[in-house]
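Contents: one structure, followed by commentary.
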Amino acid sequence: MPSRAKPAVMIPHQPDCVDDALPYAELVARHRARRLWTGQSLRLDAFQLFAHLAGRGLRLPVGTGVSLTPLRTPYDAAVQARSLALITGRPVVMGYGPATPGFVASLRGAPYRSPRTAAAEFLTAARALLDGGTADLAGEYHHVRTALTPTRPHPVVEVGAGVLRPAMARSAAPVTDVAITWLTPADYVRDTLVPALRDGAGDRRPPRVATVVHLAVDRPGRDPARLAAAVLAGHLSAPHYLDMLRRAGVTIRAEDDLSVKAKQLVDAGVFVYGSPAHIARELARHRAAGIDEVILNAGGVHFTHSVQEALADLEDVFTALEEHHG
């Protein structure tokens with residue numbers, strides 16, 4: 001399989017210690033997967049985790065999908081990501097999103113009036129800093145007038161944005177390298193998000209798309225709806241995710257039970273469940289929809305069964321992908 005066609009892997013939980021993340025990092029190294037990703041961790045900081053893994057010999061391309069803007073300034077985010085590229089010698093995707101209104105209010109005293117504006121300001125400043133220039137931004141939420149201290153050359157640091165809907169895609173496109181999506185059906189990415197990214201990019205190259213695909217292998221004793229609920233419960237109560245799914249043709253009602261919502265995701269193929277060969281075909285369909293980087297998340301199995309079973313699923317999917325690509 002060509003290296004760029006290989007999927008990436010998501011650490012599906014917030015680790016309490018490095019050893020919790022180690023099996024996923026070792027799997028990425030073993031299969032020479034595209035990248036090791038993690039979401040925002042409020043237990044073990046993602047950048048420190050990745051740096052520690054590099055110190056243990058696991059120097060991997062990594063990404064955060066996504067960290068939360070109220071936790072850092074654009075300057076600190078750029079320093080942290082660049083430091084990681086220097087430490088690991090591997091490319092880094094620093095992906096950020098604006099967080100929920102309640103979480104923002106707990107840190108800032110009030111939610112962002114416009115989460116999209118807050119994210120765009122943050123990403124604009126970080127992009128200018130990482131490009132080696134002076135950021136000159138006096139925004140509603142972020143004020144940055146400085147440059148990073150120069151360092152020696154290092155692998156690329158890509159700026160990523162969490163993207164669910166076309167308005168955010170258009171806002172992020174002029175200043176980001178990667179649009180990071182979660183729970184987005186492949187056809188929705190192709191028909192809605194990719195055109196919005198192109199529109200927003202103007203004369204520059206539009207951001208590539210990295211999509212987290214939630215999956216599990218069909219094995220005896222497993223209930224796919226239960227697996228989907230275990231990894232996606234929080235998202236299935238969030239209005240912006242429900243709105244995105246409705247736009248994608250998956251009509252989920254806020255008042256429905258979690259089990260009903262989760263079953264709809266399975267039935268619609270948003271949570272991919274089946275044989276390893278079936279999953280490989282679905283991942284190929286995601287690539288054909290314009291998704292550059294497919295990120296495998298076996299969190300449903302991890303939370304419901306065990307890390308060992310989640311890793312076994314990922315191993316079988318990598319084997320099926322190799323067979324699919326000949």
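Identifiers in the structure tokens: chain A, B, ... in order shown; residue index from 1 per chain; ligand index from 1 in order shown.
Excluding Ala120 in chain A itself and any same-chain residue fewer than 6 positions from it, the protein and nucleic acid residues within 9 Å of it, counting only C-alpha atoms, are Ala161, Met168, Ser171, Ala172 and Val175 of chain A.
The protein and nucleic acid residues lying at most 8 Å from Leu36 in chain A are Ala8, Val9, Met10, Ile11, Tyr24, Ala25, Val28, Leu60, Pro61, Val62 and Gly63 of chain A, with only C-alpha atoms considered and sequence neighbours fewer than 4 positions away removed.
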Would you write out those residues with all heavy atoms, as an mmCIF file, in the first residue's frame?
data_model
loop_
_atom_site.group_PDB
_atom_site.id
_atom_site.type_symbol
_atom_site.label_atom_id
_atom_site.label_comp_id
_atom_site.auth_asym_id
_atom_site.auth_seq_id
_atom_site.Cartn_x
_atom_site.Cartn_y
_atom_site.Cartn_z
ATOM 1 N N ALA A 8 -4.206 6.545 9.361
ATOM 2 C CA ALA A 8 -3.640 6.916 10.647
ATOM 3 C C ALA A 8 -4.439 6.235 11.749
ATOM 4 O O ALA A 8 -5.441 5.562 11.485
ATOM 5 C CB ALA A 8 -3.682 8.429 10.812
ATOM 6 N N VAL A 9 -3.998 6.394 12.989
ATOM 7 C CA VAL A 9 -4.648 5.738 14.135
ATOM 8 C C VAL A 9 -4.873 6.762 15.236
ATOM 9 O O VAL A 9 -3.997 7.587 15.536
ATOM 10 C CB VAL A 9 -3.791 4.564 14.660
ATOM 11 C CG1 VAL A 9 -4.366 4.000 15.967
ATOM 12 C CG2 VAL A 9 -3.676 3.467 13.609
ATOM 13 N N MET A 10 -6.046 6.687 15.847
ATOM 14 C CA MET A 10 -6.416 7.570 16.953
ATOM 15 C C MET A 10 -6.241 6.860 18.288
ATOM 16 O O MET A 10 -6.681 5.705 18.443
ATOM 17 C CB MET A 10 -7.876 8.005 16.794
ATOM 18 C CG MET A 10 -8.481 8.748 17.973
ATOM 19 S SD MET A 10 -7.840 10.429 18.201
ATOM 20 C CE MET A 10 -8.636 11.293 16.840
ATOM 21 N N ILE A 11 -5.575 7.513 19.243
ATOM 22 C CA ILE A 11 -5.645 7.060 20.628
ATOM 23 C C ILE A 11 -7.057 7.378 21.112
ATOM 24 O O ILE A 11 -7.432 8.554 21.170
ATOM 25 C CB ILE A 11 -4.605 7.777 21.507
ATOM 26 C CG1 ILE A 11 -3.183 7.510 20.991
ATOM 27 C CG2 ILE A 11 -4.737 7.340 22.963
ATOM 28 C CD1 ILE A 11 -2.120 8.372 21.673
ATOM 29 N N TYR A 24 -0.990 1.787 21.179
ATOM 30 C CA TYR A 24 -1.402 2.413 19.928
ATOM 31 C C TYR A 24 -0.206 2.998 19.187
ATOM 32 O O TYR A 24 -0.127 2.928 17.953
ATOM 33 C CB TYR A 24 -2.464 3.478 20.203
ATOM 34 C CG TYR A 24 -3.771 2.878 20.652
ATOM 35 C CD1 TYR A 24 -4.106 2.815 22.003
ATOM 36 C CD2 TYR A 24 -4.659 2.336 19.734
ATOM 37 C CE1 TYR A 24 -5.298 2.223 22.431
ATOM 38 C CE2 TYR A 24 -5.852 1.745 20.144
ATOM 39 C CZ TYR A 24 -6.161 1.698 21.490
ATOM 40 O OH TYR A 24 -7.338 1.104 21.894
ATOM 41 N N ALA A 25 0.731 3.577 19.927
ATOM 42 C CA ALA A 25 1.944 4.104 19.291
ATOM 43 C C ALA A 25 2.754 2.972 18.666
ATOM 44 O O ALA A 25 3.281 3.104 17.543
ATOM 45 C CB ALA A 25 2.780 4.854 20.328
ATOM 46 N N VAL A 28 1.167 1.896 15.404
ATOM 47 C CA VAL A 28 1.481 2.841 14.324
ATOM 48 C C VAL A 28 2.887 2.587 13.794
ATOM 49 O O VAL A 28 3.112 2.557 12.575
ATOM 50 C CB VAL A 28 1.323 4.290 14.827
ATOM 51 C CG1 VAL A 28 1.944 5.282 13.841
ATOM 52 C CG2 VAL A 28 -0.146 4.613 15.032
ATOM 53 N N LEU A 60 7.263 9.399 15.808
ATOM 54 C CA LEU A 60 6.161 9.204 14.877
ATOM 55 C C LEU A 60 5.625 10.538 14.372
ATOM 56 O O LEU A 60 5.629 11.524 15.106
ATOM 57 C CB LEU A 60 5.018 8.464 15.574
ATOM 58 C CG LEU A 60 5.358 7.143 16.261
ATOM 59 C CD1 LEU A 60 4.193 6.690 17.122
ATOM 60 C CD2 LEU A 60 5.703 6.080 15.229
ATOM 61 N N PRO A 61 5.110 10.576 13.147
ATOM 62 C CA PRO A 61 4.266 11.717 12.770
ATOM 63 C C PRO A 61 3.044 11.721 13.682
ATOM 64 O O PRO A 61 2.457 10.667 13.939
ATOM 65 C CB PRO A 61 3.879 11.407 11.316
ATOM 66 C CG PRO A 61 4.860 10.382 10.843
ATOM 67 C CD PRO A 61 5.243 9.586 12.054
ATOM 68 N N VAL A 62 2.663 12.892 14.162
ATOM 69 C CA VAL A 62 1.586 12.959 15.143
ATOM 70 C C VAL A 62 0.634 14.106 14.807
ATOM 71 O O VAL A 62 0.943 14.999 14.022
ATOM 72 C CB VAL A 62 2.132 13.140 16.583
ATOM 73 C CG1 VAL A 62 2.941 11.926 17.006
ATOM 74 C CG2 VAL A 62 2.964 14.415 16.690
ATOM 75 N N GLY A 63 -0.537 14.068 15.448
ATOM 76 C CA GLY A 63 -1.500 15.138 15.269
ATOM 77 C C GLY A 63 -2.437 15.229 16.449
ATOM 78 O O GLY A 63 -2.692 14.227 17.137
#
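Put simply, CA of Glu309 in chain A is 15.1 Å away from CA of Leu22 in chain A.
We find CA of Leu193 in chain A and CA of Val217 in chain A to be spaced 27.9 Å apart.
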Show me, as a ChimeraX atom specification, the residues that have an atom within 12 Å of Leu296 in chain A when counting only C-alpha atoms, minus same-chain residues fewer than 4 positions from it.
/A:6-12,24,27-28,33-38,182-183,210-216,271-272,279-280,282-283,286,300,310-311,313-315,317-318
Could you save the residues just selected, with N, CA and C atoms, as a tab-separated table (two decimals), in the first residue's frame?
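Below is the file out_36.tsv, written as the result:
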chain	number	residue	atom	x	y	z
A	6	LYS	N	-1.97	4.86	3.45
A	6	LYS	CA	-2.15	4.16	4.72
A	6	LYS	C	-2.95	5.02	5.68
A	7	PRO	N	-3.82	4.41	6.46
A	7	PRO	CA	-4.58	5.19	7.44
A	7	PRO	C	-3.71	5.58	8.63
A	8	ALA	N	-4.21	6.54	9.36
A	8	ALA	CA	-3.64	6.92	10.65
A	8	ALA	C	-4.44	6.23	11.75
A	9	VAL	N	-4.00	6.39	12.99
A	9	VAL	CA	-4.65	5.74	14.13
A	9	VAL	C	-4.87	6.76	15.24
A	10	MET	N	-6.05	6.69	15.85
A	10	MET	CA	-6.42	7.57	16.95
A	10	MET	C	-6.24	6.86	18.29
A	11	ILE	N	-5.57	7.51	19.24
A	11	ILE	CA	-5.65	7.06	20.63
A	11	ILE	C	-7.06	7.38	21.11
A	12	PRO	N	-7.87	6.39	21.45
A	12	PRO	CA	-9.31	6.66	21.62
A	12	PRO	C	-9.71	7.20	22.98
A	24	TYR	N	-0.99	1.79	21.18
A	24	TYR	CA	-1.40	2.41	19.93
A	24	TYR	C	-0.21	3.00	19.19
A	27	LEU	N	1.61	0.14	17.56
A	27	LEU	CA	0.90	-0.33	16.38
A	27	LEU	C	1.16	0.58	15.19
A	28	VAL	N	1.17	1.90	15.40
A	28	VAL	CA	1.48	2.84	14.32
A	28	VAL	C	2.89	2.59	13.79
A	33	ALA	N	2.01	3.32	9.91
A	33	ALA	CA	0.77	4.04	9.64
A	33	ALA	C	1.07	5.51	9.40
A	34	ARG	N	0.07	6.20	8.87
A	34	ARG	CA	0.26	7.60	8.44
A	34	ARG	C	0.63	8.51	9.61
A	35	ARG	N	-0.03	8.33	10.76
A	35	ARG	CA	0.18	9.25	11.87
A	35	ARG	C	-0.49	8.68	13.12
A	36	LEU	N	-0.04	9.12	14.28
A	36	LEU	CA	-0.70	8.84	15.55
A	36	LEU	C	-1.40	10.11	16.00
A	37	TRP	N	-2.72	10.00	16.22
A	37	TRP	CA	-3.54	11.15	16.61
A	37	TRP	C	-4.05	10.98	18.03
A	38	THR	N	-4.34	12.10	18.64
A	38	THR	CA	-5.08	12.10	19.90
A	38	THR	C	-5.99	13.31	19.92
A	182	TRP	N	-14.94	14.79	12.26
A	182	TRP	CA	-15.30	13.72	13.22
A	182	TRP	C	-16.77	13.42	13.02
A	183	LEU	N	-17.10	12.18	12.77
A	183	LEU	CA	-18.49	11.73	12.63
A	183	LEU	C	-19.11	12.16	11.31
A	210	ALA	N	-8.71	15.37	6.84
A	210	ALA	CA	-8.40	14.21	7.68
A	210	ALA	C	-9.65	13.88	8.48
A	211	THR	N	-10.17	12.68	8.30
A	211	THR	CA	-11.45	12.29	8.89
A	211	THR	C	-11.28	11.11	9.84
A	212	VAL	N	-11.81	11.26	11.05
A	212	VAL	CA	-11.82	10.15	12.01
A	212	VAL	C	-12.99	9.23	11.65
A	213	VAL	N	-12.66	7.96	11.41
A	213	VAL	CA	-13.67	6.95	11.09
A	213	VAL	C	-13.78	5.99	12.27
A	214	HIS	N	-14.96	5.92	12.86
A	214	HIS	CA	-15.20	5.05	14.01
A	214	HIS	C	-15.61	3.68	13.50
A	215	LEU	N	-14.99	2.64	14.04
A	215	LEU	CA	-15.18	1.32	13.45
A	215	LEU	C	-15.04	0.21	14.49
A	216	ALA	N	-15.54	-0.95	14.10
A	216	ALA	CA	-15.36	-2.17	14.89
A	216	ALA	C	-15.56	-3.36	13.97
A	271	PHE	N	-20.88	4.81	11.70
A	271	PHE	CA	-20.06	3.90	12.50
A	271	PHE	C	-19.90	2.64	11.66
A	272	VAL	N	-18.68	2.34	11.25
A	272	VAL	CA	-18.44	1.27	10.29
A	272	VAL	C	-18.26	-0.05	11.03
A	279	ILE	N	-14.76	-3.33	6.10
A	279	ILE	CA	-14.21	-2.07	6.61
A	279	ILE	C	-13.18	-1.50	5.64
A	280	ALA	N	-12.34	-2.37	5.06
A	280	ALA	CA	-11.36	-1.90	4.08
A	280	ALA	C	-12.04	-1.25	2.88
A	282	GLU	N	-14.99	0.21	2.90
A	282	GLU	CA	-15.55	1.48	3.35
A	282	GLU	C	-14.47	2.56	3.46
A	283	LEU	N	-13.31	2.18	3.92
A	283	LEU	CA	-12.21	3.15	4.02
A	283	LEU	C	-11.77	3.61	2.64
A	286	HIS	N	-14.10	6.25	1.56
A	286	HIS	CA	-13.75	7.54	2.16
A	286	HIS	C	-12.63	8.21	1.38
A	300	GLY	N	-14.90	2.37	20.38
A	300	GLY	CA	-16.07	1.63	20.86
A	300	GLY	C	-15.68	0.31	21.49
A	310	ALA	N	-9.48	-3.99	20.90
A	310	ALA	CA	-9.41	-2.85	19.98
A	310	ALA	C	-8.19	-2.96	19.09
A	311	LEU	N	-7.07	-3.33	19.66
A	311	LEU	CA	-5.84	-3.47	18.88
A	311	LEU	C	-5.97	-4.62	17.88
A	313	ASP	N	-8.70	-5.56	16.41
A	313	ASP	CA	-9.50	-5.04	15.30
A	313	ASP	C	-8.64	-4.23	14.35
A	314	LEU	N	-7.81	-3.36	14.90
A	314	LEU	CA	-6.97	-2.52	14.05
A	314	LEU	C	-5.96	-3.37	13.27
A	315	GLU	N	-5.40	-4.38	13.91
A	315	GLU	CA	-4.48	-5.28	13.20
A	315	GLU	C	-5.18	-5.94	12.02
A	317	VAL	N	-7.81	-4.90	10.40
A	317	VAL	CA	-8.13	-3.91	9.37
A	317	VAL	C	-6.89	-3.57	8.55
A	318	PHE	N	-5.74	-3.41	9.19
A	318	PHE	CA	-4.52	-3.14	8.43
A	318	PHE	C	-4.20	-4.29	7.48
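Distance annotation: of A:Ala46, A:Ala228, A:Ala284, A:Leu58, the residue with the minimal separation from Glu26 in chain A is A:Leu58; atom set is only C-alpha atoms.
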Based on the backbone DSSP call, show me all residues of range 83-319 of chain A assigned alpha helix (DSSP H), as a VMD selection string.
chain A and resid 83 to 88 101 to 108 115 to 130 166 to 172 186 to 188 194 to 201 224 to 232 239 to 247 258 to 267 276 to 288 299 to 304 307 to 319
Neighbour list for Phe47 in chain A as a PyMOL selection string, cut-off 12 Å, only C-alpha atoms, skip fewer than 2 positions in-chain:
chain A and resi 18+36-45+49-54+62-64+67+76-85+87-88+92-95
